[in-house]
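Raw contents of target_6.txt, compact mmCIF, C-alpha atoms:
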```
# COMPACT_ATOMS: atom_id res chain seq x y z
CA MET Q 664 -23.51 20.91 -15.44
CA THR Q 665 -22.19 19.48 -12.18
CA THR Q 666 -24.77 21.49 -10.21
CA VAL Q 667 -27.61 20.26 -12.42
CA LEU Q 668 -26.51 16.63 -12.11
CA LEU Q 669 -26.07 16.86 -8.34
CA GLY Q 670 -29.42 18.58 -7.91
CA GLY Q 671 -31.07 16.01 -10.16
CA ALA Q 672 -29.42 13.15 -8.25
CA VAL Q 673 -30.59 14.46 -4.87
CA ALA Q 674 -34.12 14.97 -6.20
CA LEU Q 675 -34.21 11.45 -7.67
CA ILE Q 676 -32.78 9.90 -4.51
CA PHE Q 677 -35.34 11.44 -2.21
CA PHE Q 678 -38.47 11.69 -4.36
CA TYR Q 679 -38.20 9.03 -7.06
CA ALA Q 680 -36.30 5.96 -5.85
CA PRO Q 681 -38.54 3.61 -3.84
CA VAL Q 682 -37.73 2.83 -0.21
CA ASP Q 683 -36.86 -0.86 0.17
CA GLN Q 684 -36.75 -3.14 3.21
CA ASP Q 685 -33.83 -1.21 4.67
CA GLY Q 686 -35.95 1.88 5.12
CA LEU Q 687 -34.64 5.38 4.73
CA ASN Q 688 -31.10 4.26 5.54
CA GLN Q 689 -30.97 2.72 2.08
CA LYS Q 690 -30.80 6.25 0.62
CA ILE Q 691 -27.17 6.57 1.72
CA PHE Q 692 -26.38 3.77 -0.75
CA TYR Q 693 -26.86 6.31 -3.55
CA PHE Q 694 -24.13 8.47 -2.01
CA HIS Q 695 -21.82 5.86 -0.54
CA VAL Q 696 -21.34 3.61 -3.58
CA PRO Q 697 -20.98 6.38 -6.21
CA ILE Q 698 -18.47 8.18 -3.95
CA ALA Q 699 -16.49 4.95 -3.53
CA LEU Q 700 -16.49 4.24 -7.29
CA THR Q 701 -15.47 7.85 -7.99
CA SER Q 702 -12.62 7.49 -5.54
CA TYR Q 703 -11.39 4.38 -7.39
CA ALA Q 704 -11.66 6.33 -10.65
CA CYS Q 705 -9.50 9.12 -9.17
CA PHE Q 706 -6.86 6.66 -7.96
CA GLY Q 707 -6.86 4.94 -11.35
CA TRP Q 708 -6.54 8.26 -13.16
CA GLY Q 709 -3.71 9.27 -10.83
CA ALA Q 710 -1.87 6.02 -11.56
CA LEU Q 711 -2.42 6.45 -15.31
CA LYS Q 712 -0.89 9.93 -15.15
CA ALA Q 713 1.98 8.55 -13.05
CA PHE Q 714 2.58 5.91 -15.70
CA GLN Q 715 2.55 8.57 -18.43
CA HIS Q 716 5.11 10.52 -16.43
CA LEU Q 717 7.45 7.54 -16.09
CA TRP Q 718 6.94 6.22 -19.61
CA LYS Q 719 6.71 9.25 -21.86
CA ARG Q 720 7.85 12.03 -19.50
CA THR Q 721 4.70 13.98 -20.33
CA PRO Q 722 5.21 17.44 -18.84
CA GLY Q 723 2.72 18.22 -16.09
CA ALA Q 724 1.67 14.59 -15.66
CA ASP Q 725 3.19 14.56 -12.17
CA LEU Q 726 1.01 17.46 -11.01
CA GLU Q 727 -2.09 15.92 -12.60
CA SER Q 728 -1.35 12.60 -10.87
CA TYR Q 729 -0.98 14.37 -7.52
CA VAL Q 730 -4.22 16.33 -7.91
CA ALA Q 731 -6.15 13.20 -8.97
CA ILE Q 732 -4.88 11.30 -5.93
CA HIS Q 733 -5.71 14.25 -3.71
CA GLN Q 734 -9.31 14.15 -4.96
CA GLY Q 735 -9.30 10.37 -4.53
CA VAL Q 736 -8.29 10.70 -0.89
CA ILE Q 737 -11.01 13.30 -0.24
CA PHE Q 738 -13.63 11.01 -1.81
CA GLY Q 739 -12.09 8.05 0.04
CA ALA Q 740 -12.51 9.85 3.37
CA MET Q 741 -16.13 10.56 2.43
CA THR Q 742 -16.60 6.86 1.61
CA LEU Q 743 -15.31 5.91 5.05
CA VAL Q 744 -17.65 8.40 6.74
CA THR Q 745 -20.77 7.42 4.75
CA GLY Q 746 -19.92 3.72 5.09
CA SER Q 747 -19.53 4.15 8.82
CA ILE Q 748 -22.92 5.87 9.09
CA TRP Q 749 -24.50 3.03 7.09
CA ALA Q 750 -22.87 0.45 9.36
CA LYS Q 751 -24.12 2.30 12.45
CA VAL Q 752 -27.73 2.35 11.27
CA ARG Q 753 -27.73 -1.11 9.76
CA TRP Q 754 -25.61 -3.12 12.16
CA GLY Q 755 -25.59 -0.80 15.17
CA VAL Q 756 -21.82 -0.25 15.26
CA TRP Q 757 -19.64 2.46 13.73
CA TRP Q 758 -17.08 0.07 12.37
CA VAL Q 759 -17.40 -3.48 11.01
CA TRP Q 760 -14.25 -5.42 10.16
CA GLY Q 761 -16.42 -7.85 8.22
CA ASP Q 762 -17.28 -5.19 5.66
CA GLU Q 763 -14.69 -5.73 2.93
CA GLN Q 764 -15.16 -2.47 1.07
CA LEU Q 765 -14.83 -0.43 4.23
CA VAL Q 766 -11.65 -2.24 5.32
CA LEU Q 767 -10.21 -1.93 1.81
CA PHE Q 768 -10.85 1.80 1.88
CA LEU Q 769 -9.13 2.06 5.23
CA VAL Q 770 -6.03 0.32 3.82
CA LEU Q 771 -6.07 2.53 0.73
CA PHE Q 772 -6.64 5.62 2.84
CA LEU Q 773 -3.55 4.79 4.94
CA PHE Q 774 -1.57 4.06 1.78
CA TYR Q 775 -2.44 7.34 0.08
CA CYS Q 776 -1.90 9.35 3.27
CA ALA Q 777 1.64 7.94 3.20
CA TYR Q 778 1.81 9.17 -0.41
CA PHE Q 779 1.27 12.72 0.84
CA MET Q 780 3.84 12.27 3.61
CA LEU Q 781 6.32 11.15 0.97
CA ARG Q 782 5.48 14.00 -1.37
CA PHE Q 783 5.93 16.63 1.32
CA SER Q 784 9.20 15.22 2.65
CA VAL Q 785 11.08 15.28 -0.66
CA ASP Q 786 12.28 18.52 -2.25
CA PRO Q 787 10.36 19.42 -5.43
CA GLY Q 788 12.13 18.31 -8.57
CA PRO Q 789 12.32 15.51 -11.11
CA GLN Q 790 13.25 12.91 -8.50
CA ARG Q 791 10.22 13.70 -6.36
CA ALA Q 792 8.02 13.29 -9.44
CA ASN Q 793 9.58 9.87 -10.07
CA LEU Q 794 9.22 8.66 -6.48
CA CYS Q 795 5.60 9.77 -6.29
CA ALA Q 796 4.80 8.17 -9.64
CA VAL Q 797 6.32 4.84 -8.57
CA TYR Q 798 4.39 4.92 -5.30
CA ALA Q 799 1.15 5.80 -7.11
CA LEU Q 800 1.66 2.77 -9.38
CA PHE Q 801 2.14 0.57 -6.30
CA GLY Q 802 -1.21 1.87 -5.07
CA VAL Q 803 -3.13 0.78 -8.12
CA VAL Q 804 -1.61 -2.71 -7.81
CA LEU Q 805 -2.38 -2.75 -4.09
CA ILE Q 806 -6.14 -2.27 -4.73
CA PRO Q 807 -6.84 -5.73 -6.24
CA ILE Q 808 -4.24 -7.46 -4.03
CA SER Q 809 -5.74 -5.98 -0.86
CA PHE Q 810 -9.23 -6.76 -2.08
CA LEU Q 811 -8.24 -10.39 -2.51
CA ALA Q 812 -6.48 -10.44 0.87
CA ILE Q 813 -9.40 -8.93 2.73
CA ARG Q 814 -11.80 -11.33 1.05
CA LEU Q 815 -9.55 -14.21 2.15
CA ALA Q 816 -9.50 -12.81 5.68
CA ASN Q 817 -13.18 -12.18 6.17
CA SER Q 818 -16.55 -13.71 6.06
CA TYR Q 819 -18.79 -12.11 3.55
CA ILE Q 820 -21.48 -9.82 4.98
CA HIS Q 821 -21.51 -6.78 2.75
CA PRO Q 822 -24.82 -6.62 0.92
CA THR Q 823 -24.23 -7.82 -2.63
CA VAL Q 824 -26.07 -5.61 -5.05
CA PHE Q 825 -24.07 -6.15 -8.20
CA THR Q 826 -23.65 -9.85 -8.94
CA SER Q 827 -22.64 -11.71 -12.05
CA ASN Q 828 -26.32 -11.83 -13.00
CA GLY Q 829 -26.38 -8.05 -13.32
CA PRO Q 830 -27.63 -5.42 -10.91
CA GLN Q 831 -30.43 -6.66 -8.68
CA MET Q 832 -32.30 -3.42 -8.46
CA ALA Q 833 -35.55 -2.05 -9.72
CA THR Q 834 -35.20 0.11 -12.85
CA SER Q 835 -36.02 3.25 -10.89
CA GLN Q 836 -33.28 2.43 -8.38
CA LEU Q 837 -30.77 1.71 -11.11
CA ALA Q 838 -31.59 4.97 -12.90
CA THR Q 839 -31.20 6.93 -9.67
CA PHE Q 840 -27.95 5.16 -8.95
CA CYS Q 841 -26.54 5.96 -12.40
CA VAL Q 842 -27.50 9.63 -12.14
CA ALA Q 843 -25.94 9.82 -8.67
CA TRP Q 844 -22.76 8.20 -9.97
CA ALA Q 845 -22.58 10.56 -12.95
CA ALA Q 846 -23.10 13.46 -10.55
CA MET Q 847 -20.25 12.32 -8.30
CA LEU Q 848 -17.93 11.75 -11.25
CA SER Q 849 -18.63 15.19 -12.66
CA LEU Q 850 -18.17 16.72 -9.20
CA ALA Q 851 -14.80 14.99 -8.91
CA TYR Q 852 -13.83 16.15 -12.40
CA PHE Q 853 -14.85 19.73 -11.61
CA LEU Q 854 -12.84 19.72 -8.37
CA TYR Q 855 -9.90 18.15 -10.22
CA ARG Q 856 -9.89 20.88 -12.90
CA PHE Q 857 -10.36 23.53 -10.23
CA GLU Q 858 -7.44 22.39 -8.07
CA LEU Q 859 -5.27 21.82 -11.13
CA ALA Q 860 -5.95 25.35 -12.38
CA GLY Q 861 -5.05 26.73 -8.96
CA LYS Q 862 -1.84 24.73 -8.76
CA ARG Q 863 -0.81 25.72 -12.29
CA LEU Q 864 -1.49 29.38 -11.55
CA ASP Q 865 0.66 29.01 -8.45
CA ALA Q 866 3.52 27.55 -10.47
CA ASP Q 867 3.26 30.25 -13.14
CA LEU Q 868 3.26 32.97 -10.49
CA LYS Q 869 6.35 31.49 -8.87
CA GLU Q 870 8.11 31.40 -12.23
CA LEU Q 871 7.19 35.04 -12.91
CA ARG Q 872 8.44 36.10 -9.47
CA GLU Q 873 11.75 34.36 -10.09
CA LEU Q 874 12.03 36.08 -13.47
CA LEU Q 875 11.38 39.46 -11.90
CA ALA Q 876 13.74 38.94 -8.98
CA MET S 76 21.89 -12.67 -18.60
CA ARG S 77 25.08 -14.20 -17.17
CA ARG S 78 26.54 -10.74 -16.85
CA TYR S 79 23.49 -9.56 -15.00
CA ALA S 80 23.79 -12.48 -12.56
CA ALA S 81 27.48 -11.74 -12.07
CA ASP S 82 26.72 -8.06 -11.34
CA VAL S 83 24.07 -9.04 -8.81
CA ALA S 84 26.44 -11.51 -7.14
CA VAL S 85 29.21 -8.90 -6.82
CA LEU S 86 26.84 -6.28 -5.40
CA ALA S 87 25.25 -8.70 -2.94
CA ARG S 88 28.68 -9.88 -1.83
CA LYS S 89 29.61 -6.26 -1.18
CA ASP S 90 26.63 -5.82 1.17
CA LEU S 91 27.31 -9.06 3.02
CA MET S 92 31.02 -8.18 3.40
CA LEU S 93 30.12 -4.75 4.76
CA GLU S 94 27.84 -6.39 7.30
CA LEU S 95 30.51 -8.96 8.26
CA ARG S 96 32.95 -6.15 8.98
CA ALA S 97 30.67 -3.61 10.65
CA ARG S 98 28.15 -6.03 12.21
CA ASP S 99 25.49 -3.49 12.94
CA THR S 100 22.34 -4.75 11.20
CA LEU S 101 22.03 -8.46 11.99
CA PRO S 102 22.73 -8.28 15.76
CA ALA S 103 20.22 -5.44 16.00
CA MET S 104 17.59 -7.49 14.18
CA LEU S 105 18.22 -10.54 16.39
CA LEU S 106 18.02 -8.54 19.59
CA PHE S 107 14.93 -6.76 18.35
CA VAL S 108 13.01 -9.91 17.46
CA ILE S 109 13.80 -11.63 20.76
CA SER S 110 12.88 -8.51 22.76
CA ALA S 111 9.65 -8.23 20.77
CA LEU S 112 8.74 -11.84 21.57
CA VAL S 113 9.37 -11.20 25.29
CA VAL S 114 7.19 -8.07 25.15
CA PHE S 115 4.46 -10.08 23.41
CA HIS S 116 4.58 -12.71 26.15
CA PHE S 117 3.66 -10.05 28.68
CA ALA S 118 1.16 -8.43 26.31
CA LEU S 119 -0.89 -11.65 26.20
CA PRO S 120 -2.89 -12.41 29.34
CA SER S 121 -2.59 -16.00 30.62
CA HIS S 122 -5.02 -18.46 29.01
CA SER S 123 -5.10 -16.51 25.77
CA SER S 124 -5.10 -18.83 22.80
CA ASP S 125 -2.11 -19.97 20.78
CA LEU S 126 -3.79 -18.39 17.77
CA ALA S 127 -3.31 -14.91 19.25
CA ALA S 128 0.39 -15.66 19.73
CA LYS S 129 0.62 -16.81 16.09
CA GLY S 130 -0.71 -13.42 15.03
CA LEU S 131 1.89 -11.67 17.15
CA LEU S 132 4.66 -13.76 15.55
CA TRP S 133 3.73 -12.04 12.26
CA VAL S 134 3.85 -8.63 13.88
CA ALA S 135 7.35 -9.48 15.13
CA ILE S 136 8.46 -10.60 11.65
CA VAL S 137 7.17 -7.47 9.89
CA PHE S 138 8.77 -5.13 12.41
CA THR S 139 12.06 -7.02 12.42
CA ALA S 140 12.12 -6.69 8.65
CA LEU S 141 11.53 -2.95 9.09
CA VAL S 142 14.57 -2.73 11.40
CA GLY S 143 16.70 -4.36 8.70
CA LEU S 144 15.22 -2.28 5.88
CA THR S 145 15.85 0.99 7.72
CA ARG S 146 19.55 0.14 7.67
CA ALA S 147 19.56 -1.12 4.08
CA PHE S 148 20.57 2.08 2.30
CA VAL S 149 22.54 3.77 5.08
CA ALA S 150 25.97 3.25 3.49
CA GLU S 151 24.64 4.27 0.08
CA ARG S 152 23.30 7.50 1.55
CA GLU S 153 25.91 8.49 4.12
CA GLN S 154 29.03 7.59 2.15
CA ARG S 155 27.41 8.68 -1.16
CA LEU S 156 27.98 5.12 -2.33
CA ILE S 157 24.88 5.34 -4.50
CA ASP S 158 26.59 7.81 -6.88
CA GLY S 159 29.35 5.30 -7.51
CA LEU S 160 26.86 2.47 -8.03
CA LEU S 161 24.89 4.52 -10.54
CA LEU S 162 28.04 5.28 -12.51
CA ALA S 163 28.93 1.58 -12.71
CA PRO S 164 28.14 -0.01 -16.09
CA CYS S 165 25.44 -2.32 -14.82
CA ASP S 166 21.67 -2.42 -15.04
CA ARG S 167 20.14 -0.35 -12.19
CA SER S 168 17.70 -3.11 -11.29
CA ALA S 169 20.74 -5.26 -10.39
CA ILE S 170 21.33 -2.87 -7.46
CA TRP S 171 17.80 -3.54 -6.23
CA LEU S 172 18.09 -7.29 -6.67
CA ALA S 173 21.44 -7.47 -4.86
CA LYS S 174 20.15 -5.35 -1.99
CA ALA S 175 17.00 -7.46 -1.74
CA ILE S 176 19.10 -10.63 -1.61
CA SER S 177 21.28 -9.28 1.20
CA VAL S 178 18.27 -8.06 3.22
CA LEU S 179 16.64 -11.46 2.64
CA ALA S 180 19.77 -13.13 4.01
CA PHE S 181 19.66 -10.98 7.17
CA LEU S 182 15.94 -11.51 7.65
CA GLY S 183 16.31 -15.26 7.09
CA ALA S 184 19.15 -15.41 9.63
CA ALA S 185 17.06 -13.50 12.18
CA GLU S 186 14.17 -15.91 11.63
CA VAL S 187 16.36 -18.98 12.02
CA VAL S 188 16.74 -17.78 15.60
CA ALA S 189 13.28 -16.24 16.02
CA LEU S 190 11.17 -19.25 14.99
CA PRO S 191 12.76 -21.73 17.46
CA ALA S 192 12.61 -19.00 20.12
CA TYR S 193 8.92 -18.56 19.36
CA ALA S 194 8.40 -22.33 19.60
CA ALA S 195 10.15 -22.34 22.97
CA PHE S 196 8.32 -19.28 24.39
CA PHE S 197 4.82 -19.87 23.02
CA SER S 198 3.82 -22.96 21.05
CA GLY S 199 5.16 -25.23 18.35
CA ILE S 200 4.92 -24.22 14.72
CA GLY S 201 3.97 -26.37 11.78
CA TRP S 202 5.46 -26.64 8.31
CA SER S 203 2.78 -24.35 6.92
CA THR S 204 3.98 -21.49 9.13
CA VAL S 205 7.57 -22.05 8.02
CA ALA S 206 6.51 -22.10 4.36
CA ALA S 207 4.42 -18.96 4.85
CA VAL S 208 7.35 -17.19 6.55
CA ALA S 209 9.67 -18.12 3.66
CA LEU S 210 7.18 -16.88 1.05
CA ALA S 211 6.32 -13.74 3.00
CA ASP S 212 10.03 -12.87 3.35
CA ILE S 213 10.37 -12.63 -0.41
CA GLY S 214 7.44 -10.24 -0.72
CA ILE S 215 8.57 -8.19 2.27
CA VAL S 216 12.13 -7.68 0.99
CA ALA S 217 11.00 -7.05 -2.60
CA VAL S 218 8.66 -4.21 -1.64
CA GLY S 219 10.71 -3.12 1.36
CA THR S 220 13.99 -2.68 -0.51
CA LEU S 221 12.36 -0.45 -3.10
CA LEU S 222 10.63 1.62 -0.40
CA ALA S 223 13.88 1.85 1.59
CA ALA S 224 15.49 3.39 -1.50
CA VAL S 225 12.54 5.80 -1.76
CA ALA S 226 12.81 6.70 1.93
CA ALA S 227 16.58 7.25 1.61
CA VAL S 228 15.88 10.16 -0.75
CA SER S 229 13.37 11.89 1.51
CA ARG S 230 14.22 14.26 4.34
CA THR S 231 12.49 12.18 7.01
CA ARG S 232 14.12 8.82 6.10
CA GLU S 233 13.67 6.49 9.10
CA LEU S 234 10.36 8.12 9.95
CA ILE S 235 8.71 7.64 6.61
CA LEU S 236 9.71 4.05 5.81
CA PRO S 237 7.19 2.39 8.20
CA LEU S 238 4.45 4.70 6.90
CA LEU S 239 5.17 3.71 3.31
CA PHE S 240 5.71 0.05 4.08
CA LEU S 241 2.97 -0.98 6.51
CA PRO S 242 -0.06 -0.44 4.24
CA LEU S 243 1.68 -2.62 1.64
CA ALA S 244 2.53 -5.24 4.29
CA ILE S 245 -1.11 -5.72 5.33
CA PRO S 246 -1.79 -8.35 2.60
CA VAL S 247 1.38 -10.22 3.63
CA VAL S 248 0.22 -10.34 7.24
CA ILE S 249 -3.23 -11.54 6.16
CA GLY S 250 -1.72 -14.31 4.03
CA GLY S 251 0.81 -15.29 6.68
CA VAL S 252 -1.58 -15.35 9.62
CA GLY S 253 -4.13 -17.22 7.49
CA ALA S 254 -1.59 -19.88 6.53
CA SER S 255 -0.49 -20.26 10.18
CA VAL S 256 -3.91 -20.63 11.77
CA VAL S 257 -6.17 -22.55 9.37
CA GLY S 258 -6.20 -26.28 8.71
CA SER S 259 -5.70 -26.15 4.94
CA PRO S 260 -3.30 -23.30 4.20
CA GLY S 261 -3.12 -23.83 0.41
CA ARG S 262 -5.17 -20.74 -0.51
CA TYR S 263 -3.11 -18.47 1.71
CA LEU S 264 0.23 -19.82 0.49
CA GLY S 265 -0.97 -19.36 -3.09
CA PHE S 266 -1.93 -15.79 -2.27
CA LEU S 267 1.54 -15.12 -0.85
CA CYS S 268 3.09 -16.48 -4.07
CA LEU S 269 0.88 -14.13 -6.09
CA TYR S 270 1.88 -11.18 -3.91
CA ASP S 271 5.58 -12.06 -4.27
CA ALA S 272 5.37 -12.35 -8.03
CA VAL S 273 3.37 -9.13 -8.60
CA PHE S 274 5.37 -6.91 -6.29
CA ALA S 275 8.76 -8.36 -7.21
CA ILE S 276 8.08 -7.58 -10.86
CA ILE S 277 6.92 -4.00 -10.33
CA SER S 278 9.69 -3.28 -7.81
CA TRP S 279 12.28 -4.68 -10.19
CA ALA S 280 10.89 -2.63 -13.07
CA SER S 281 10.50 0.64 -11.20
CA PHE S 282 13.76 0.76 -9.18
CA GLU S 283 15.58 2.65 -11.91
CA TYR S 284 13.14 5.58 -11.63
CA VAL S 285 13.66 5.79 -7.88
CA VAL S 286 17.43 6.28 -8.03
CA THR S 287 17.67 8.42 -11.17
CA GLU S 288 16.24 11.79 -12.11
```

Take the structure from the file and write it as C-alpha cells.
Amino acid sequence: MTTVLLGGAVALIFFYAPVDQDGLNQKIFYFHVPIALTSYACFGWGALKAFQHLWKRTPGADLESYVAIHQGVIFGAMTLVTGSIWAKVRWGVWWVWGDEQLVLFLVLFLFYCAYFMLRFSVDPGPQRANLCAVYALFGVVLIPISFLAIRLANSYIHPTVFTSNGPQMATSQLATFCVAWAAMLSLAYFLYRFELAGKRLDADLKELRELLA
Amino acid sequence: MRRYAADVAVLARKDLMLELRARDTLPAMLLFVISALVVFHFALPSHSSDLAAKGLLWVAIVFTALVGLTRAFVAEREQRLIDGLLLAPCDRSAIWLAKAISVLAFLGAAEVVALPAYAAFFSGIGWSTVAAVALADIGIVAVGTLLAAVAAVSRTRELILPLLFLPLAIPVVIGGVGASVVGSPGRYLGFLCLYDAVFAIISWASFEYVVTE
C-alpha cells in the first residue's frame, strides 16, 4: 500500500503536475511540505501517547511515544534537508533565517534531539517513562509558541500557498499534493509499525532471556 | 488554598535559608553575569551598535539563569532531601512552586546588579527592557525549575540541563530582545506574558510526574 502510494506520488509529481513559474525546483514542494506535515503528525502522535501514559498509565504508551518521536525527528531532518535545497535553488543560499518554517524545524529538531539525550541518560524504568512523557508534552506546546515567536521575529518571505481563502493551486497540483502527503503519512506509519515491532520483539526477547537465566 | 500557600512559603523559606547559610549559588551567579558582560565587551568590535549589545544582555541573562538552575536541586539530590519532601503531606506541585520562587529571587537579585552594570558598561536601558526582563524571568524559572528536576534524575545532570533548556528558552530570547530593541514593545511583552502563563501551567501540572514513579 505504501509502495503503491509512493510510486503513484512520484509519478504524479513528475508527469502530471504542471511546472509553474518556479520551474523544476517547484517539484520539491511536493516532498518538502508533506514531509514537514508528516513530521508534525508524528510529534503530535508522540505527545498524545505521552499524555495517555501520564493520564491513564496505558501500558506500552511510553514506547509508542518514543517511536513516534523518533520517526518525527527523522522526517524533521528530511524537512531541513529538502527545505535547505529549496532555499539554495530559490534564493541562492543554503540557509535563510527569514524562512519561518525552516527556523521552526531547526528549533524543534534541537528540542527533540535533547529528548533523545534525556532518554538515553536515564535508566529504563517507570520514572524514565514519566520524564520523557512530560518532555514530549512540552514539545507539543513549544510548536505553536515557537511558531508565534519566530513570526514575531521575522519578516515574512516564505511563499504562502495555503491562505485563509483556501489552497491557491491548480486542481492537478492539489491532487498531486494530497497523494504525496498520503504517501508520506503511510510511509511514516509503516516505519512506525516496523520500528515498534522490532522494539517489542527486543523487549520480549530480553524478558525470555531473564526467565531462562 | 491557604494551606497550599503556607506549604509553599515554608518550602521557599527553607531554600532561601540554605542559601543564606551556604552562600554558594548567588555569589556564583553574580560573578558569572559580570564576567559574561566583560567578555561580551571584548566580543563586540568598537563601533558595533547598541542593539547588538542589547542582544548579548539576553544571552547573559539566560546563561546566568542556567547557572542558578544547575544548583537548584543539588541539596535535594546529594542529601536525598527529595525523599523527605515527597513523604511530607503536601501537594507535590508546592515543591515546584517554592523552588521556582527561590530561583526567581536569586535571578532577580543577580539582575539588580547586572542591569545597572550593563547600563554602565554598554548603554542605558529603558523601562521596556526592565519589564521584559521581569516577565522573562518568570517564564525562565517556571520551565527551568521543572527541567532542573528532570536533569537531577538523569545520569548526566549538569550536562543535560542546558540541552533541555535552551530550545525552550529561544521564544523567551525572541520576546525579550524584541521588547528591548523596537519602539513599541507591546506585542513582545504580550508574547512573554503568554509564554509565562502557558509554561507555568504545564510545569505546575506536570511536576508531580517528574518526581514520582

Closest-contact table, chain S side, partner chain Q, 9 Å, counting only C-alpha atoms, as a Markdown table:
```
| residue | atom | partner | partner_atom | distance |
| --- | --- | --- | --- | --- |
| S:Leu222 | CA | Q:Tyr798 | CA | 8.6 |
| S:Val225 | CA | Q:Leu794 | CA | 6.4 |
| S:Ala226 | CA | Q:Leu781 | CA | 7.9 |
| S:Val228 | CA | Q:Val785 | CA | 7.0 |
| S:Ser229 | CA | Q:Val785 | CA | 4.6 |
| S:Arg230 | CA | Q:Ser784 | CA | 5.4 |
| S:Thr231 | CA | Q:Ser784 | CA | 6.3 |
| S:Arg232 | CA | Q:Ser784 | CA | 8.8 |
| S:Ile235 | CA | Q:Leu781 | CA | 7.1 |
| S:Leu238 | CA | Q:Ala777 | CA | 5.7 |
| S:Leu239 | CA | Q:Ala777 | CA | 5.5 |
| S:Phe240 | CA | Q:Phe774 | CA | 8.6 |
| S:Leu241 | CA | Q:Phe774 | CA | 8.3 |
| S:Pro242 | CA | Q:Phe774 | CA | 5.3 |
| S:Leu243 | CA | Q:Leu805 | CA | 7.0 |
| S:Ile245 | CA | Q:Ser809 | CA | 7.7 |
| S:Pro246 | CA | Q:Ala812 | CA | 5.4 |
| S:Val247 | CA | Q:Ala812 | CA | 8.3 |
| S:Ile249 | CA | Q:Ala812 | CA | 6.3 |
| S:Gly250 | CA | Q:Ala812 | CA | 6.9 |
| S:Gly253 | CA | Q:Ala816 | CA | 7.2 |
| S:Arg262 | CA | Q:Leu815 | CA | 8.3 |
| S:Tyr263 | CA | Q:Leu815 | CA | 7.7 |
| S:Phe266 | CA | Q:Ala812 | CA | 7.7 |
| S:Leu269 | CA | Q:Ile808 | CA | 8.7 |
| S:Tyr270 | CA | Q:Ile808 | CA | 7.2 |
| S:Val273 | CA | Q:Val804 | CA | 8.2 |
| S:Phe274 | CA | Q:Phe801 | CA | 8.1 |
| S:Ile277 | CA | Q:Phe801 | CA | 7.7 |
| S:Ser278 | CA | Q:Phe801 | CA | 8.6 |
| S:Ser281 | CA | Q:Val797 | CA | 6.5 |
| S:Phe282 | CA | Q:Val797 | CA | 8.5 |
| S:Tyr284 | CA | Q:Asn793 | CA | 5.8 |
| S:Val285 | CA | Q:Leu794 | CA | 5.5 |
| S:Val286 | CA | Q:Gln790 | CA | 7.9 |
| S:Thr287 | CA | Q:Gln790 | CA | 6.8 |
| S:Glu288 | CA | Q:Gln790 | CA | 4.8 |
```

Using only C-alpha atoms, determine which residues lie at most 9 Å from range 159-169 of chain S, disregarding the query and same-chain residues fewer than 2 positions distant; provide the list as a PyMOL selection string.
chain S and resi 78-80+82-83+86+151+155-157+171-174+278-283+286-287

Name the residues in contact with Trp708 in chain Q at a cut-off of 9 Å, using all atoms listed in the file, excluding same-chain residues fewer than 2 positions from it; report them as a list in words.
Tyr703, Ala704, Cys705, Phe706, Ala710, Leu711, Lys712, Ala713, Glu727, Ser728, Ala731 and Ile732 of chain Q

Contacts of Ala846 in chain Q at 7 Å (all atoms listed in the file; same-chain gap of 5+ positions) as a list in words:
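The neighbour list is Thr665, Leu668, Leu669 and Ala672 of chain Q.
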
Deliver the residues from the most recent selection as a file, using C-alpha atoms, as a PDB file, keeping the file's coordinate frame.
```pdb
ATOM      1  CA  THR Q 665     -22.190  19.480 -12.180  1.00  0.00           C
ATOM      2  CA  LEU Q 668     -26.510  16.630 -12.110  1.00  0.00           C
ATOM      3  CA  LEU Q 669     -26.070  16.860  -8.340  1.00  0.00           C
ATOM      4  CA  ALA Q 672     -29.420  13.150  -8.250  1.00  0.00           C
TER       5      ALA Q 672
END
```

Residue contacts of Ser203 in chain S (7 Å, only C-alpha atoms) excluding same-chain residues fewer than 5 positions away, as an MDAnalysis selection string:
chainID S and resid 254:255 260

Work out how far CA of Thr745 in chain Q is from CA of Ile691 in chain Q, in Å to one decimal.
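Here the two named atoms are 7.1 Å from each other.
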
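Interatomic distance, CA of Gln715 in chain Q to CA of Ala866 in chain Q: 20.6 Å.
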
Any idea what's packed within 9 Å of Phe115 in chain S, counting all atoms listed in the file, ignoring anything in its chain fewer than 2 positions away? Could you give it as a short mmCIF file (atom, residue, chain, number, x, y, z; two decimals) with C-alpha atoms, keeping the file's coordinate frame?
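The new file out_3.cif reads:
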```cif
data_model
loop_
_atom_site.label_atom_id
_atom_site.label_comp_id
_atom_site.auth_asym_id
_atom_site.auth_seq_id
_atom_site.Cartn_x
_atom_site.Cartn_y
_atom_site.Cartn_z
CA SER S 110 12.88 -8.51 22.76
CA ALA S 111 9.65 -8.23 20.77
CA LEU S 112 8.74 -11.84 21.57
CA VAL S 113 9.37 -11.20 25.29
CA PHE S 117 3.66 -10.05 28.68
CA ALA S 118 1.16 -8.43 26.31
CA LEU S 119 -0.89 -11.65 26.20
CA ALA S 128 0.39 -15.66 19.73
CA LEU S 131 1.89 -11.67 17.15
CA LEU S 132 4.66 -13.76 15.55
CA ALA S 135 7.35 -9.48 15.13
#
```

From the list Q:Ala860, Q:Ala740, Q:Val803, Q:Ile698, the nearest residue to Leu726 in chain Q using only C-alpha atoms is Q:Ala860
